[in-house]
Each structure stands twice: as C-alpha cells, then as structure tokens.
>>> print(open('data28.pdb').read())   # PDB, C-alpha atoms
ATOM      1  CA  MET Y  30      -1.367  76.027  -4.873
ATOM      2  CA  THR Y  31      -1.260  72.186  -4.991
ATOM      3  CA  PRO Y  32       1.715  70.915  -7.058
ATOM      4  CA  ARG Y  33       0.882  68.627  -9.915
ATOM      5  CA  PHE Y  34       2.660  65.377 -10.625
ATOM      6  CA  ARG Y  35       4.277  65.370 -14.023
ATOM      7  CA  PHE Y  36       4.692  62.007 -15.681
ATOM      8  CA  ASP Y  37       7.968  61.635 -17.492
ATOM      9  CA  ARG Y  38       7.369  59.766 -20.722
ATOM     10  CA  GLN Y  39      10.985  58.663 -20.741
ATOM     11  CA  LEU Y  40      10.268  56.511 -17.685
ATOM     12  CA  LEU Y  41       7.476  54.544 -19.443
ATOM     13  CA  PRO Y  42       9.762  51.879 -20.964
ATOM     14  CA  ARG Y  43      11.269  51.310 -17.521
ATOM     15  CA  PHE Y  44       7.841  50.778 -15.959
ATOM     16  CA  VAL Y  45       6.876  48.349 -18.701
ATOM     17  CA  LEU Y  46      10.106  46.402 -18.272
ATOM     18  CA  MET Y  47       9.632  46.229 -14.512
ATOM     19  CA  ALA Y  48       6.054  44.997 -14.938
ATOM     20  CA  VAL Y  49       7.170  42.280 -17.335
ATOM     21  CA  LEU Y  50       9.952  41.182 -14.991
ATOM     22  CA  VAL Y  51       7.581  41.060 -12.016
ATOM     23  CA  SER Y  52       5.141  38.916 -14.009
ATOM     24  CA  VAL Y  53       7.880  36.518 -15.094
ATOM     25  CA  PHE Y  54       9.229  36.092 -11.566
ATOM     26  CA  ALA Y  55       5.719  35.664 -10.173
ATOM     27  CA  VAL Y  56       4.947  32.858 -12.624
ATOM     28  CA  SER Y  57       8.264  31.108 -12.072
ATOM     29  CA  GLY Y  58       7.941  31.566  -8.320
ATOM     30  CA  CYS Y  59       4.484  29.945  -8.271
ATOM     31  CA  SER Y  60       5.841  27.059 -10.306
ATOM     32  CA  ARG Y  61       8.684  26.575  -7.858
ATOM     33  CA  ILE Y  62       6.362  26.748  -4.832
ATOM     34  CA  LYS Y  63       4.002  24.292  -6.475
ATOM     35  CA  GLY Y  64       6.922  22.001  -7.144
ATOM     36  CA  MET Y  65       8.043  22.236  -3.540
ATOM     37  CA  PHE Y  66       4.684  20.905  -2.280
ATOM     38  CA  LYS Y  67       4.109  18.365  -5.012
ATOM     39  CA  ASP Y  68       3.751  14.815  -3.749
ATOM     40  CA  GLU Y  69       6.652  12.947  -5.247
ATOM     41  CA  ASP Y  70       4.997   9.635  -4.274
ATOM     42  CA  ALA Y  71       1.735  10.387  -6.063
ATOM     43  CA  ASN Y  72       0.164   7.159  -7.323
ATOM     44  CA  GLU Y  73      -1.810   8.663 -10.163
ATOM     45  CA  GLY Y  74      -1.296   6.793 -13.418
ATOM     46  CA  LEU Y  75       1.132   4.171 -12.106
ATOM     47  CA  PRO Y  76       0.866   0.611 -13.468
ATOM     48  CA  VAL Y  77      -1.197  -1.782 -11.361
ATOM     49  CA  GLU Y  78       1.792  -3.959 -10.493
ATOM     50  CA  THR Y  79       3.805  -0.944  -9.338
ATOM     51  CA  LEU Y  80       0.924   0.266  -7.189
ATOM     52  CA  TYR Y  81       0.476  -3.135  -5.587
ATOM     53  CA  ASN Y  82       4.184  -3.471  -4.849
ATOM     54  CA  LYS Y  83       4.202  -0.039  -3.205
ATOM     55  CA  GLY Y  84       1.240  -0.951  -1.046
ATOM     56  CA  HIS Y  85       2.732  -4.315  -0.131
ATOM     57  CA  GLU Y  86       6.039  -2.722   0.864
ATOM     58  CA  SER Y  87       4.102  -0.384   3.175
ATOM     59  CA  MET Y  88       2.405  -3.437   4.689
ATOM     60  CA  ILE Y  89       5.768  -5.069   5.336
ATOM     61  CA  ASP Y  90       7.018  -1.863   6.985
ATOM     62  CA  GLY Y  91       3.885  -1.637   9.140
ATOM     63  CA  ASN Y  92       2.856   1.657   7.545
ATOM     64  CA  TRP Y  93      -0.825   0.723   7.494
ATOM     65  CA  SER Y  94      -2.220   4.129   6.557
ATOM     66  CA  ARG Y  95       0.101   4.487   3.575
ATOM     67  CA  ALA Y  96      -0.764   0.956   2.457
ATOM     68  CA  VAL Y  97      -4.500   1.705   2.618
ATOM     69  CA  GLU Y  98      -4.012   4.938   0.673
ATOM     70  CA  THR Y  99      -2.041   3.147  -2.057
ATOM     71  CA  TYR Y 100      -4.463   0.234  -2.321
ATOM     72  CA  LYS Y 101      -7.454   2.575  -2.558
ATOM     73  CA  ARG Y 102      -5.776   4.293  -5.505
ATOM     74  CA  LEU Y 103      -5.137   0.901  -7.074
ATOM     75  CA  VAL Y 104      -8.768  -0.177  -6.737
ATOM     76  CA  ALA Y 105     -10.000   3.165  -8.093
ATOM     77  CA  GLN Y 106      -7.796   2.962 -11.183
ATOM     78  CA  TYR Y 107      -8.001  -0.795 -11.758
ATOM     79  CA  PRO Y 108     -11.360  -2.087 -10.401
ATOM     80  CA  TYR Y 109     -10.847  -5.635 -11.720
ATOM     81  CA  GLY Y 110      -8.059  -8.172 -11.678
ATOM     82  CA  SER Y 111      -5.989 -10.324  -9.372
ATOM     83  CA  TYR Y 112      -4.015  -7.371  -7.997
ATOM     84  CA  THR Y 113      -7.259  -5.626  -7.096
ATOM     85  CA  GLU Y 114      -8.578  -8.695  -5.302
ATOM     86  CA  GLN Y 115      -5.435  -9.030  -3.220
ATOM     87  CA  ALA Y 116      -5.371  -5.294  -2.559
ATOM     88  CA  LEU Y 117      -8.880  -5.507  -1.062
ATOM     89  CA  VAL Y 118      -7.784  -8.332   1.225
ATOM     90  CA  GLU Y 119      -4.724  -6.451   2.437
ATOM     91  CA  THR Y 120      -6.694  -3.220   2.818
ATOM     92  CA  ALA Y 121      -9.050  -4.914   5.271
ATOM     93  CA  TYR Y 122      -6.129  -6.304   7.271
ATOM     94  CA  ALA Y 123      -4.351  -2.923   7.343
ATOM     95  CA  GLN Y 124      -7.524  -1.219   8.564
ATOM     96  CA  PHE Y 125      -7.832  -3.840  11.294
ATOM     97  CA  LYS Y 126      -4.248  -3.213  12.400
ATOM     98  CA  MET Y 127      -4.930   0.541  12.412
ATOM     99  CA  GLY Y 128      -7.892   0.019  14.711
ATOM    100  CA  SER Y 129     -10.300   1.266  12.037
ATOM    101  CA  ASN Y 130     -12.687  -1.584  12.742
ATOM    102  CA  ASP Y 131     -15.756  -0.154  11.031
ATOM    103  CA  GLU Y 132     -13.787   0.480   7.847
ATOM    104  CA  ALA Y 133     -12.317  -3.023   8.035
ATOM    105  CA  ILE Y 134     -15.778  -4.589   8.346
ATOM    106  CA  SER Y 135     -16.946  -2.530   5.368
ATOM    107  CA  SER Y 136     -13.993  -3.691   3.250
ATOM    108  CA  ILE Y 137     -14.509  -7.327   4.255
ATOM    109  CA  ASP Y 138     -18.235  -7.246   3.471
ATOM    110  CA  ARG Y 139     -17.529  -5.624   0.114
ATOM    111  CA  PHE Y 140     -15.056  -8.370  -0.733
ATOM    112  CA  LEU Y 141     -17.432 -11.150   0.328
ATOM    113  CA  ARG Y 142     -20.256  -9.689  -1.742
ATOM    114  CA  THR Y 143     -18.047  -9.282  -4.815
ATOM    115  CA  TYR Y 144     -16.066 -12.531  -4.577
ATOM    116  CA  PRO Y 145     -18.189 -15.072  -2.639
ATOM    117  CA  THR Y 146     -16.220 -18.052  -3.989
ATOM    118  CA  HIS Y 147     -12.745 -16.528  -3.832
ATOM    119  CA  ARG Y 148      -9.879 -18.594  -2.468
ATOM    120  CA  ASN Y 149      -9.465 -16.061   0.352
ATOM    121  CA  THR Y 150     -13.105 -16.201   1.454
ATOM    122  CA  ALA Y 151     -12.304 -18.347   4.496
ATOM    123  CA  TYR Y 152      -9.630 -15.884   5.557
ATOM    124  CA  MET Y 153     -11.988 -12.938   5.204
ATOM    125  CA  TYR Y 154     -14.586 -14.564   7.457
ATOM    126  CA  TYR Y 155     -11.797 -15.335   9.926
ATOM    127  CA  LEU Y 156     -10.559 -11.738   9.751
ATOM    128  CA  ARG Y 157     -14.090 -10.449  10.287
ATOM    129  CA  GLY Y 158     -14.222 -12.603  13.411
ATOM    130  CA  LEU Y 159     -10.994 -11.032  14.655
ATOM    131  CA  VAL Y 160     -12.308  -7.541  13.988
ATOM    132  CA  ASN Y 161     -15.614  -8.197  15.741
ATOM    133  CA  SER Y 162     -13.787  -9.802  18.669
ATOM    134  CA  SER Y 163     -11.859  -6.595  19.334
ATOM    135  CA  ARG Y 164     -14.392  -4.094  18.037
ATOM    136  CA  ASP Y 165     -15.542  -3.004  21.508
ATOM    137  CA  THR Y 166     -12.156  -3.306  23.190
ATOM    138  CA  VAL Y 167     -11.717   0.316  24.160
ATOM    139  CA  PHE Y 168      -8.771   1.968  25.903
ATOM    140  CA  LEU Y 169     -10.307   1.844  29.376
ATOM    141  CA  GLN Y 170     -10.984  -1.879  29.094
ATOM    142  CA  LYS Y 171      -7.293  -2.498  28.414
ATOM    143  CA  VAL Y 172      -5.970  -0.154  31.084
ATOM    144  CA  TRP Y 173      -8.455  -0.753  33.884
ATOM    145  CA  LYS Y 174      -8.972  -4.464  33.238
ATOM    146  CA  LEU Y 175     -12.720  -4.095  32.790
ATOM    147  CA  ASP Y 176     -14.527  -7.389  32.378
ATOM    148  CA  ALA Y 177     -15.584  -7.780  28.742
ATOM    149  CA  SER Y 178     -18.377 -10.177  29.726
ATOM    150  CA  ARG Y 179     -20.195  -7.277  31.400
ATOM    151  CA  ARG Y 180     -20.273  -5.246  28.199
ATOM    152  CA  ASP Y 181     -22.603  -5.429  25.222
ATOM    153  CA  LEU Y 182     -22.086  -8.861  23.662
ATOM    154  CA  ALA Y 183     -23.523  -8.047  20.220
ATOM    155  CA  THR Y 184     -20.192  -7.863  18.402
ATOM    156  CA  PRO Y 185     -18.648 -10.836  20.266
ATOM    157  CA  MET Y 186     -21.731 -12.809  19.230
ATOM    158  CA  GLN Y 187     -21.128 -11.769  15.632
ATOM    159  CA  ALA Y 188     -17.493 -12.797  15.989
ATOM    160  CA  HIS Y 189     -18.615 -16.223  17.193
ATOM    161  CA  ASN Y 190     -20.839 -16.519  14.122
ATOM    162  CA  ASP Y 191     -17.946 -15.543  11.845
ATOM    163  CA  PHE Y 192     -15.652 -18.165  13.367
ATOM    164  CA  SER Y 193     -18.473 -20.692  13.164
ATOM    165  CA  ILE Y 194     -18.713 -20.085   9.411
ATOM    166  CA  VAL Y 195     -15.001 -20.775   9.104
ATOM    167  CA  THR Y 196     -15.202 -24.052  11.016
ATOM    168  CA  SER Y 197     -18.388 -25.295   9.344
ATOM    169  CA  ARG Y 198     -17.868 -24.221   5.732
ATOM    170  CA  TYR Y 199     -14.088 -24.422   5.602
ATOM    171  CA  PRO Y 200     -13.131 -27.099   8.157
ATOM    172  CA  ASN Y 201      -9.893 -27.931   6.337
ATOM    173  CA  SER Y 202      -8.675 -24.364   6.011
ATOM    174  CA  ARG Y 203      -5.601 -23.167   7.858
ATOM    175  CA  TYR Y 204      -7.788 -20.898   9.993
ATOM    176  CA  ALA Y 205     -10.241 -23.515  11.263
ATOM    177  CA  THR Y 206      -8.221 -24.677  14.284
ATOM    178  CA  ASP Y 207      -7.634 -21.191  15.631
ATOM    179  CA  ALA Y 208     -11.258 -20.274  14.912
ATOM    180  CA  ARG Y 209     -12.418 -23.185  17.106
ATOM    181  CA  GLU Y 210     -10.186 -22.044  19.962
ATOM    182  CA  ARG Y 211     -11.497 -18.506  19.689
ATOM    183  CA  MET Y 212     -15.070 -19.785  19.651
ATOM    184  CA  GLN Y 213     -14.431 -21.614  22.918
ATOM    185  CA  ALA Y 214     -12.965 -18.458  24.488
ATOM    186  CA  LEU Y 215     -16.027 -16.510  23.385
ATOM    187  CA  ARG Y 216     -18.344 -19.186  24.790
ATOM    188  CA  ASN Y 217     -16.579 -18.833  28.140
ATOM    189  CA  MET Y 218     -17.198 -15.088  27.944
ATOM    190  CA  PHE Y 219     -20.892 -15.636  27.226
ATOM    191  CA  ALA Y 220     -21.116 -18.171  30.067
ATOM    192  CA  ARG Y 221     -19.485 -15.746  32.477
ATOM    193  CA  HIS Y 222     -22.026 -13.109  31.439
ATOM    194  CA  GLU Y 223     -24.832 -15.476  32.460
ATOM    195  CA  MET Y 224     -23.033 -16.343  35.693
ATOM    196  CA  GLU Y 225     -22.671 -12.692  36.659
ATOM    197  CA  ALA Y 226     -26.414 -12.246  36.126
ATOM    198  CA  SER Y 227     -27.309 -15.337  38.164
ATOM    199  CA  LEU Y 228     -25.010 -14.250  41.018
ATOM    200  CA  TYR Y 229     -26.593 -10.809  40.944
ATOM    201  CA  TYR Y 230     -30.041 -12.354  41.395
ATOM    202  CA  LEU Y 231     -28.756 -14.755  44.043
ATOM    203  CA  ARG Y 232     -27.220 -11.978  46.135
ATOM    204  CA  ARG Y 233     -30.480 -10.027  46.092
ATOM    205  CA  GLY Y 234     -32.619 -12.966  47.043
ATOM    206  CA  ALA Y 235     -34.235 -13.446  43.621
ATOM    207  CA  TYR Y 236     -33.683 -17.194  43.852
ATOM    208  CA  VAL Y 237     -36.030 -18.262  41.071
ATOM    209  CA  ALA Y 238     -34.390 -15.858  38.614
ATOM    210  CA  ALA Y 239     -30.925 -16.996  39.748
ATOM    211  CA  ALA Y 240     -31.781 -20.674  39.252
ATOM    212  CA  ASN Y 241     -33.328 -20.025  35.829
ATOM    213  CA  ARG Y 242     -30.316 -18.047  34.623
ATOM    214  CA  ALA Y 243     -27.922 -20.726  35.844
ATOM    215  CA  LYS Y 244     -30.002 -23.431  34.180
ATOM    216  CA  TYR Y 245     -29.902 -21.474  30.916
ATOM    217  CA  LEU Y 246     -26.100 -21.371  31.162
ATOM    218  CA  VAL Y 247     -25.825 -25.131  31.634
ATOM    219  CA  GLU Y 248     -28.133 -25.826  28.706
ATOM    220  CA  THR Y 249     -26.756 -23.219  26.313
ATOM    221  CA  TYR Y 250     -23.029 -23.226  27.123
ATOM    222  CA  PRO Y 251     -22.153 -26.748  28.277
ATOM    223  CA  GLN Y 252     -18.534 -27.704  28.853
ATOM    224  CA  THR Y 253     -17.449 -24.158  29.635
ATOM    225  CA  GLN Y 254     -15.360 -23.182  32.644
ATOM    226  CA  PHE Y 255     -18.412 -21.806  34.503
ATOM    227  CA  GLN Y 256     -20.633 -24.857  34.151
ATOM    228  CA  ASN Y 257     -19.959 -26.136  37.673
ATOM    229  CA  ASP Y 258     -20.439 -22.672  39.140
ATOM    230  CA  ALA Y 259     -23.866 -22.614  37.497
ATOM    231  CA  VAL Y 260     -24.732 -25.913  39.167
ATOM    232  CA  ALA Y 261     -23.618 -24.432  42.493
ATOM    233  CA  VAL Y 262     -25.905 -21.429  41.955
ATOM    234  CA  MET Y 263     -28.812 -23.767  41.284
ATOM    235  CA  GLY Y 264     -27.970 -25.731  44.425
ATOM    236  CA  GLU Y 265     -27.846 -22.563  46.549
ATOM    237  CA  ALA Y 266     -31.003 -21.107  45.008
ATOM    238  CA  TYR Y 267     -32.981 -24.330  45.495
ATOM    239  CA  THR Y 268     -31.716 -24.582  49.071
ATOM    240  CA  GLN Y 269     -32.924 -21.067  49.831
ATOM    241  CA  LEU Y 270     -36.258 -21.852  48.178
ATOM    242  CA  GLY Y 271     -36.643 -24.950  50.344
ATOM    243  CA  ASN Y 272     -36.665 -27.346  47.386
ATOM    244  CA  LYS Y 273     -34.582 -30.104  48.935
ATOM    245  CA  THR Y 274     -34.970 -32.517  46.015
ATOM    246  CA  LEU Y 275     -33.530 -30.151  43.396
ATOM    247  CA  ALA Y 276     -30.892 -28.892  45.816
ATOM    248  CA  ASP Y 277     -29.711 -32.453  46.517
ATOM    249  CA  ASP Y 278     -29.628 -33.184  42.778
ATOM    250  CA  ALA Y 279     -27.395 -30.150  42.211
ATOM    251  CA  ARG Y 280     -25.119 -31.168  45.069
ATOM    252  CA  ARG Y 281     -24.810 -34.702  43.694
ATOM    253  CA  VAL Y 282     -23.919 -33.451  40.201
ATOM    254  CA  LEU Y 283     -21.347 -31.018  41.590
ATOM    255  CA  GLN Y 284     -19.735 -33.687  43.794
ATOM    256  CA  LEU Y 285     -19.406 -35.867  40.721
ATOM    257  CA  ASN Y 286     -17.928 -33.211  38.417
ATOM    258  CA  GLU Y 287     -15.956 -31.021  40.853
ATOM    259  CA  PRO Y 288     -15.779 -32.451  44.365
ATOM    260  CA  SER Y 289     -13.476 -29.619  45.493
ATOM    261  CA  HIS Y 290     -15.900 -26.854  44.619
ATOM    262  CA  PRO Y 291     -16.120 -24.428  47.600
ATOM    263  CA  TRP Y 292     -19.941 -24.387  47.603
ATOM    264  CA  LEU Y 293     -19.933 -27.970  48.829
ATOM    265  CA  SER Y 294     -18.165 -26.794  51.998
ATOM    266  CA  GLY Y 295     -20.346 -23.706  52.401
ATOM    267  CA  ASP Y 296     -17.663 -21.219  51.292
ATOM    268  CA  TRP Y 297     -19.265 -19.995  48.071
ATOM    269  CA  PRO Y 298     -20.184 -17.575  46.645
ATOM    270  CA  ASP Y 299     -17.582 -15.288  48.197
ATOM    271  CA  TYR Y 300     -18.691 -11.808  47.159
ATOM    272  CA  PRO Y 301     -16.196  -8.907  47.100
ATOM    273  CA  SER Y 302     -16.283  -6.487  49.999
ATOM    274  CA  LYS Y 303     -18.669  -3.563  49.685
ATOM    275  CA  PHE Y 304     -15.805  -1.251  50.637
ATOM    276  CA  ARG Y 305     -14.097  -2.218  47.381
ATOM    277  CA  LYS Y 306     -16.666  -0.171  45.475
ATOM    278  CA  LEU Y 307     -15.470   2.946  47.297
ATOM    279  CA  ASN Y 308     -12.041   2.619  45.641
ATOM    280  CA  PRO Y 309     -12.239   4.058  42.098
ATOM    281  CA  PHE Y 310      -8.960   2.352  41.188
ATOM    282  CA  ALA Y 311      -9.885  -1.128  42.373
ATOM    283  CA  GLY Y 312     -11.338  -2.259  39.050
ATOM    284  CA  GLU Y 313     -14.138  -4.729  38.603
ATOM    285  CA  LYS Y 314     -14.374  -7.934  40.600
ATOM    286  CA  SER Y 315     -17.057 -10.493  41.343
ATOM    287  CA  ALA Y 316     -17.513 -13.678  43.328
ATOM    288  CA  LEU Y 317     -16.088 -15.569  40.345
ATOM    289  CA  ASP Y 318     -12.726 -13.849  40.888
ATOM    290  CA  ASN Y 319     -12.556 -15.186  44.447
ATOM    291  CA  ASN Y 320     -12.784 -18.852  43.413
TER     292      ASN Y 320
END
>>> encode(input="data28.pdb", output="structure tokens")
Amino acid sequence: MTPRFRFDRQLLPRFVLMAVLVSVFAVSGCSRIKGMFKDEDANEGLPVETLYNKGHESMIDGNWSRAVETYKRLVAQYPYGSYTEQALVETAYAQFKMGSNDEAISSIDRFLRTYPTHRNTAYMYYLRGLVNSSRDTVFLQKVWKLDASRRDLATPMQAHNDFSIVTSRYPNSRYATDARERMQALRNMFARHEMEASLYYLRRGAYVAAANRAKYLVETYPQTQFQNDAVAVMGEAYTQLGNKTLADDARRVLQLNEPSHPWLSGDWPDYPSKFRKLNPFAGEKSALDNN
C-alpha cells in the first residue's frame, strides 16, 4: 500500500517565512546585480556644458569613440546652441581619426546643410577634403605600397573639389595654404594616372591613343611633375607613327624644358622587367619609377 504524505500544519508558518525571505533576497540581489552593471558614466540628463567638457576631454585623450558617443548624446538632448555646433565639428573630426570616413562625411554634410554660414564652414570643407583624400586608402595600399594613381580617382577628385572650395571661397582662412599644397599633390596623382595610361598604350603600339592621352595630360594638368614625361610620350608616339614634324616639335619642347630627360638620349621609357610580375611581393612599378 502506497504511503501518503501528511502535511504538518505546524510547518506552514516556516514555509511562509522562507518564501518571504527568498523573495526579499531575490529582489535585493537583482538590485545589486543591476547596480553592478550600471554605467556610472551615463550621460543621460547631464547639463550641456558638462557633456561637452566630457566629450572634449575624450578628444584630448585620443579616445575618439568615447568622444563621439558623448557628443551624440549632447546633440540628442540639446539640438541647438553653440555647444551643439562645436560638438558636431568635433564629432566629424573624431570619426575621421577613427577611420569611420563615411560617418565623418555624413556629419560634415549635416553641419554644412544646417550651418552654411558658420565660422567653421571653411574648416569643415577642409576636413571633408582630408577625409576624401584618405577614404580609399586601404590597409594593403599602405603595406604593399600600391600606387594610388591606379585606383578609382572618384574620391580624390572630390577631395580636390573640397580643397578648391576652401581656396576660392575662403582664401584668407588658415586652411587655404595647406589646401593649395594638397591640391597640387592630387593634381600630380591625376597626371600620373594619365601617364600610366599613355605608357600602357605606347607599350602596346597604340600610338595614336598614347599621344592623345599624353596631350590631354599636358592640357589638363600643366605644371605637374609628369608634364615633361607626357611630352616625351608624344615625341615617341609621333616618331613611331612617322610624323616627323610633330615628333621634332616634341623634342624641341623637351630640350627646352628638361634637356636631361632620358628620352632625348633614347633611354626612355624604361619598362620594368616582365619577370618582376612573377614575384607577388615585388609591388607595383612602372616606367615612371625607373626615371
């Protein structure tokens, strides 16, 4: 016969007491655990000046992600005011330093749309130029020394436009001089891109295409470091085409501007060895690197 469990009524108060104690400890324990994981640096409800100072201190320490987080909270809580304006500026810079280029461009464009006549407008165009200049600079380009002129030039072109805005609209700003220097470096990159194309055509016997590309370089990017090389390409292409008049004109111009250019002595272009392509660690090189 199965024994039956007999409930002792005298034990009921003990069970009730134990249940109450368990509930109390459970509630207090949850509160303690919640307190352990509570963010002591939470920015909710802080005054705008305090928030800005916290973000600025993070900027000084180079803690870009913390600065962006603090400034975003500031902008969300206080969408207008001088602190908000400065927080937007510093947010864009912090995102640039983090390598978050798309986010930086978004922040800059938002600022320019909202405050088109702000005193920091020139700086924001300059910063957008810096971001676009390095937007496509990936890890492999830094490590393997890949030639940036052989990559897509859309963002460098945009960077050139940004710097051009700085120099044309704000010629007396503190950023204008550096913007001009960066524009010249970008123009050299664009000129090298055209030179690589013209040398490619020249090597494959497409002499008309090589001459046209070199002529485009001279007309579009004058006074760059590859201008004389472009003249040499035209001279070589016209020589191969049998156009003695144009070839002699190119030779005369090159003798005037760079009498030591190796094409005048028949030693250019000096293309890299084909065996170099078999070495995966050799990196990129062209006839321009053998000058």
>>> closest_residue(input="data28.pdb", among="Y:Arg157, Y:Arg148, Y:Arg216, Y:Arg164", to="Ile194 in chain Y", atoms="all atoms listed in the file")
Y:Arg157
>>> atom_distance(input="data28.pdb", atom1="CA of Gln254 in chain Y", atom2="CA of Tyr154 in chain Y")
26.6 Å
>>> atom_distance(input="data28.pdb", atom1="CA of Trp93 in chain Y", atom2="CA of Tyr199 in chain Y")
28.5 Å
>>> atom_distance(input="data28.pdb", atom1="CA of Ala188 in chain Y", atom2="CA of Ala123 in chain Y")
18.6 Å
>>> resolve_selection(input="data28.pdb", expression="the PyMOL selection byres ((chain Y and resi 278) around 12)", output="PyMOL selection string")
chain Y and resi 260-261+263-265+267-268+272-277+279-285
>>> resolve_selection(input="data28.pdb", expression="the PyMOL selection byres ((chain Y and resi 240-246) around 10)", output="PyMOL selection string")
chain Y and resi 219-228+230-231+235-239+247-251+253+255-267
>>> build_atoms(input="data28.pdb", residues="range 179-199 of chain Y", atoms="N, CA, C and O atoms", output="mmCIF file, in the coordinates of the input")
data_model
loop_
_atom_site.group_PDB
_atom_site.id
_atom_site.type_symbol
_atom_site.label_atom_id
_atom_site.label_comp_id
_atom_site.auth_asym_id
_atom_site.auth_seq_id
_atom_site.Cartn_x
_atom_site.Cartn_y
_atom_site.Cartn_z
ATOM 1 N N ARG Y 179 -19.175 -8.181 30.879
ATOM 2 C CA ARG Y 179 -20.195 -7.277 31.400
ATOM 3 C C ARG Y 179 -20.594 -6.216 30.385
ATOM 4 O O ARG Y 179 -21.451 -5.388 30.674
ATOM 5 N N ARG Y 180 -19.959 -6.218 29.227
ATOM 6 C CA ARG Y 180 -20.273 -5.246 28.199
ATOM 7 C C ARG Y 180 -21.293 -5.816 27.222
ATOM 8 O O ARG Y 180 -21.698 -6.969 27.313
ATOM 9 N N ASP Y 181 -21.682 -4.991 26.258
ATOM 10 C CA ASP Y 181 -22.603 -5.429 25.222
ATOM 11 C C ASP Y 181 -21.955 -6.563 24.428
ATOM 12 O O ASP Y 181 -20.830 -6.429 23.933
ATOM 13 N N LEU Y 182 -22.654 -7.677 24.303
ATOM 14 C CA LEU Y 182 -22.086 -8.861 23.662
ATOM 15 C C LEU Y 182 -22.512 -9.004 22.205
ATOM 16 O O LEU Y 182 -22.314 -10.071 21.614
ATOM 17 N N ALA Y 183 -23.044 -7.949 21.605
ATOM 18 C CA ALA Y 183 -23.523 -8.047 20.220
ATOM 19 C C ALA Y 183 -22.386 -8.362 19.256
ATOM 20 O O ALA Y 183 -22.499 -9.277 18.426
ATOM 21 N N THR Y 184 -21.293 -7.610 19.332
ATOM 22 C CA THR Y 184 -20.192 -7.863 18.402
ATOM 23 C C THR Y 184 -19.434 -9.156 18.728
ATOM 24 O O THR Y 184 -19.025 -9.860 17.799
ATOM 25 N N PRO Y 185 -19.216 -9.508 20.014
ATOM 26 C CA PRO Y 185 -18.648 -10.836 20.266
ATOM 27 C C PRO Y 185 -19.518 -11.974 19.735
ATOM 28 O O PRO Y 185 -19.005 -12.982 19.259
ATOM 29 N N MET Y 186 -20.826 -11.808 19.804
ATOM 30 C CA MET Y 186 -21.731 -12.809 19.230
ATOM 31 C C MET Y 186 -21.531 -12.918 17.722
ATOM 32 O O MET Y 186 -21.505 -14.016 17.157
ATOM 33 N N GLN Y 187 -21.378 -11.766 17.074
ATOM 34 C CA GLN Y 187 -21.128 -11.769 15.632
ATOM 35 C C GLN Y 187 -19.786 -12.416 15.328
ATOM 36 O O GLN Y 187 -19.648 -13.140 14.338
ATOM 37 N N ALA Y 188 -18.797 -12.164 16.173
ATOM 38 C CA ALA Y 188 -17.493 -12.797 15.989
ATOM 39 C C ALA Y 188 -17.612 -14.314 16.091
ATOM 40 O O ALA Y 188 -17.003 -15.053 15.301
ATOM 41 N N HIS Y 189 -18.395 -14.778 17.055
ATOM 42 C CA HIS Y 189 -18.615 -16.223 17.193
ATOM 43 C C HIS Y 189 -19.256 -16.787 15.937
ATOM 44 O O HIS Y 189 -18.881 -17.879 15.466
ATOM 45 N N ASN Y 190 -20.207 -16.065 15.360
ATOM 46 C CA ASN Y 190 -20.839 -16.519 14.122
ATOM 47 C C ASN Y 190 -19.844 -16.561 12.973
ATOM 48 O O ASN Y 190 -19.871 -17.485 12.137
ATOM 49 N N ASP Y 191 -18.961 -15.565 12.909
ATOM 50 C CA ASP Y 191 -17.946 -15.543 11.845
ATOM 51 C C ASP Y 191 -17.014 -16.745 11.960
ATOM 52 O O ASP Y 191 -16.715 -17.417 10.964
ATOM 53 N N PHE Y 192 -16.541 -17.013 13.176
ATOM 54 C CA PHE Y 192 -15.652 -18.165 13.367
ATOM 55 C C PHE Y 192 -16.393 -19.477 13.101
ATOM 56 O O PHE Y 192 -15.793 -20.443 12.617
ATOM 57 N N SER Y 193 -17.680 -19.497 13.427
ATOM 58 C CA SER Y 193 -18.473 -20.692 13.164
ATOM 59 C C SER Y 193 -18.575 -20.970 11.667
ATOM 60 O O SER Y 193 -18.547 -22.133 11.232
ATOM 61 N N ILE Y 194 -18.685 -19.920 10.868
ATOM 62 C CA ILE Y 194 -18.713 -20.085 9.411
ATOM 63 C C ILE Y 194 -17.410 -20.692 8.929
ATOM 64 O O ILE Y 194 -17.395 -21.587 8.069
ATOM 65 N N VAL Y 195 -16.310 -20.236 9.506
ATOM 66 C CA VAL Y 195 -15.001 -20.775 9.104
ATOM 67 C C VAL Y 195 -14.914 -22.265 9.410
ATOM 68 O O VAL Y 195 -14.478 -23.064 8.575
ATOM 69 N N THR Y 196 -15.343 -22.656 10.611
ATOM 70 C CA THR Y 196 -15.202 -24.052 11.016
ATOM 71 C C THR Y 196 -16.196 -24.972 10.310
ATOM 72 O O THR Y 196 -15.896 -26.153 10.093
ATOM 73 N N SER Y 197 -17.364 -24.449 9.968
ATOM 74 C CA SER Y 197 -18.388 -25.295 9.344
ATOM 75 C C SER Y 197 -18.236 -25.366 7.819
ATOM 76 O O SER Y 197 -18.359 -26.440 7.232
ATOM 77 N N ARG Y 198 -17.964 -24.244 7.192
ATOM 78 C CA ARG Y 198 -17.868 -24.221 5.732
ATOM 79 C C ARG Y 198 -16.465 -24.564 5.233
ATOM 80 O O ARG Y 198 -16.310 -25.111 4.142
ATOM 81 N N TYR Y 199 -15.482 -24.216 6.026
ATOM 82 C CA TYR Y 199 -14.088 -24.422 5.602
ATOM 83 C C TYR Y 199 -13.319 -25.162 6.692
ATOM 84 O O TYR Y 199 -12.330 -24.655 7.232
#
